[in-house]
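Heads up, the thing below is written out as structure tokens.
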Amino acid sequence: MLKEYFGDKEFYKRVAWIALPVALQQLLSSAMGIVDSIMVSWIDGVTAVGTASQIENICITLAFGGVTGIGIFAAQFYGAKEYDNMKRTFGLSLLYCGIIGVVFYLAVTFFGREICLFYIEDEAVVSSALEYLAITRYAYLPMCLAFCFSYQYRCVHKTTVPLILGVVGMMTNVVLNYLLIFGKFGCPELGVAGAAIGTLVAQCVSLFLYVVYTLKKKMVFAGSPKVMFDLPVSFVKPIVIRSYPLVLNEFFFSFGASMYIKAYGLLGKLATDSYYVGNQINNIFFSACNGLVSATGVVLGASLGENDKEKAIRQSKYFIGMAGVLSIALSLIIIWSAKGLVSLFGLQNPVVHDSAVMIVRICGIRIMLRLFNATVFSSLRAGGDSKFLVFLDSGIMWAIGIPLAYFIILGLHIRSIVWVYFLVQAENIVRLVIGLRRFSSYKWVNNLTTEVK
């Protein structure tokens, strides 16, 4: 029985070739994020930058929803060797992300203060957050466009390219942050504004490198504007039908994540400091999830594009087996390393320090659930089972997770961020049970290339 969940050596080699660069890129990104947070914590700006970053998170999440929805077809077109259609999916991704980047720039420009007050009503925090947003709003467009390139490289199984180019961008961010936050080597001491400038420049550098490399190497997904933006209704309509539920899902999920932040904000600044530090550390370990999730979507998408459904089903079981082994290993590492990682932030308040440690340790439980759920999500997404995915992801969040969080805080009057964070994990248990039932039905196994004309 268990043998069907473990593949052969060639399968794992292929997965490693795709997943490890993605995981390493995400790991480095999370590590750089921690370095940024440590720098910001030294000027007491953790909550301010964390609050401002919620807008960026929603922006990139919506970009993710559209790009991965379109990417379902890109991965299958690549498997079917329909390269002209793949170029069109890239053009459609660029158009979509361009619109998202501009919309969020305008939202921050005209409603930045109102958005910050939604998360927290501390005037000092809001003032610092607005200082940060005044600069980073210009980074939204290049950030979204760079994500288009990154995802297309995943679809063609060249994940080392986003890794290398991503490292350059991240190093640019960290170096500039150090120079401009603290005014080192003759640079002005700008504090929170310095962190924002570092983010903006890094995003622009990343996009520039993607464009230059893609054009120089004449990548299969990139063509002339005439080809990429030749988007007749017959081509766009089936992609939109499959993709729009994913965009809606990411919108409701990202907004739901904001509702969690708002709930934690009811517990005060010390609670949000603990959460932001703990969550930043948790992101390191979730990078492993992202690598496996990316490989799941790409590998299954290619098999479905080849119209080999039996192969896709067989491979999907292998990915579930990998999720089981990896979740146990990560959980043990998280619990063991929590205290040491939190100590890097030099938190002066012992309550904040201890709460952050416990939040990281709770992540040891959460990551087991999340890794299985994310693997199931990626399988459903690869086959275009997007409507059920909406219910499974954001639907359960809004039906169970968010009401539970507010009931715990406002109804039960529990004021500990640790207990609140622990109890809301019930949401992921419900999601896991329902998700595995859908996965086992194999209703998600579909060849989508036949839908596009």
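So you can find residues: chains in the structure tokens are A, B, ... in the order shown, residues in each start at 1, and ligands are numbered from 1 in order.
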Among stretch 379-435 of chain A, which residues does DSSP mark as helix (DSSP H, G or I) when it is run on the backbone? Keep the chain and numbering as in the structure and answer as number ranges by chain.
A: 379-382, 386-411, 417-423, 426-435
Report as JSON lines the residues of stretch 144-220 of chain A within 7 Å of stretch 122-133 of chain A, each with its shortest atom pair and distance in Å (one decimal), using only C-alpha atoms, ordered by chain and increasing residue number.
```
{"residue": "A:Val192", "atom": "CA", "partner": "A:Tyr132", "partner_atom": "CA", "distance": 6.0}
{"residue": "A:Ala193", "atom": "CA", "partner": "A:Tyr132", "partner_atom": "CA", "distance": 5.4}
{"residue": "A:Ala196", "atom": "CA", "partner": "A:Tyr132", "partner_atom": "CA", "distance": 5.4}
```
Which residue of A:Ile55, A:Val233, A:Val247, A:Ala302 approaches A:Val67 most closely, using only C-alpha atoms:
A:Val247
Shell around stretch 163-170 of chain A at 6 Å using only C-alpha atoms, local window under 3 positions removed, as a PDB file with N, CA and C atoms, in the first residue's frame:
```pdb
ATOM      1  N   PRO A  21      16.041  24.494  -6.546  1.00  0.00           N
ATOM      2  CA  PRO A  21      16.307  25.913  -6.796  1.00  0.00           C
ATOM      3  C   PRO A  21      15.194  26.836  -6.298  1.00  0.00           C
ATOM      4  N   GLN A  25      15.716  29.534  -3.478  1.00  0.00           N
ATOM      5  CA  GLN A  25      15.379  30.928  -3.730  1.00  0.00           C
ATOM      6  C   GLN A  25      14.463  31.473  -2.633  1.00  0.00           C
ATOM      7  N   THR A 160      16.690  27.304 -11.953  1.00  0.00           N
ATOM      8  CA  THR A 160      17.947  27.886 -11.471  1.00  0.00           C
ATOM      9  C   THR A 160      18.073  29.356 -11.876  1.00  0.00           C
ATOM     10  N   ASN A 173      19.010  44.377  -2.043  1.00  0.00           N
ATOM     11  CA  ASN A 173      18.098  44.869  -1.017  1.00  0.00           C
ATOM     12  C   ASN A 173      18.790  44.955   0.345  1.00  0.00           C
ATOM     13  N   ALA A 202      15.868  47.070  -5.406  1.00  0.00           N
ATOM     14  CA  ALA A 202      16.035  45.623  -5.605  1.00  0.00           C
ATOM     15  C   ALA A 202      15.023  45.074  -6.598  1.00  0.00           C
ATOM     16  N   SER A 206      15.895  43.365 -10.238  1.00  0.00           N
ATOM     17  CA  SER A 206      15.432  42.012 -10.586  1.00  0.00           C
ATOM     18  C   SER A 206      14.715  41.999 -11.936  1.00  0.00           C
TER      19      SER A 206
END
```
Taking 4 positions as the minimum chain separation for residues in the same chain, which residues sit within 7 Å of A:Leu300 when counting only C-alpha atoms? Answer as a ChimeraX atom specification.
/A:296,304,312,382
Residue subset to file, keeping N, CA, C and O atoms, as a PDB file, in the first residue's frame:
```pdb
ATOM      1  N   THR A 296       5.314  20.133  -7.900  1.00  0.00           N
ATOM      2  CA  THR A 296       4.050  19.401  -8.086  1.00  0.00           C
ATOM      3  C   THR A 296       3.273  19.954  -9.271  1.00  0.00           C
ATOM      4  O   THR A 296       2.837  19.208 -10.155  1.00  0.00           O
ATOM      5  N   LEU A 304      -0.145  16.057 -17.677  1.00  0.00           N
ATOM      6  CA  LEU A 304      -1.515  16.244 -18.167  1.00  0.00           C
ATOM      7  C   LEU A 304      -1.516  16.834 -19.570  1.00  0.00           C
ATOM      8  O   LEU A 304      -2.370  16.502 -20.398  1.00  0.00           O
ATOM      9  N   ALA A 312       0.030  11.112 -14.392  1.00  0.00           N
ATOM     10  CA  ALA A 312      -0.205  12.229 -13.483  1.00  0.00           C
ATOM     11  C   ALA A 312      -0.731  11.740 -12.133  1.00  0.00           C
ATOM     12  O   ALA A 312      -0.304  12.232 -11.076  1.00  0.00           O
ATOM     13  N   ALA A 382      -3.066  22.199 -10.976  1.00  0.00           N
ATOM     14  CA  ALA A 382      -2.449  21.679 -12.203  1.00  0.00           C
ATOM     15  C   ALA A 382      -3.491  21.141 -13.170  1.00  0.00           C
ATOM     16  O   ALA A 382      -3.326  21.223 -14.394  1.00  0.00           O
TER      17      ALA A 382
END
```
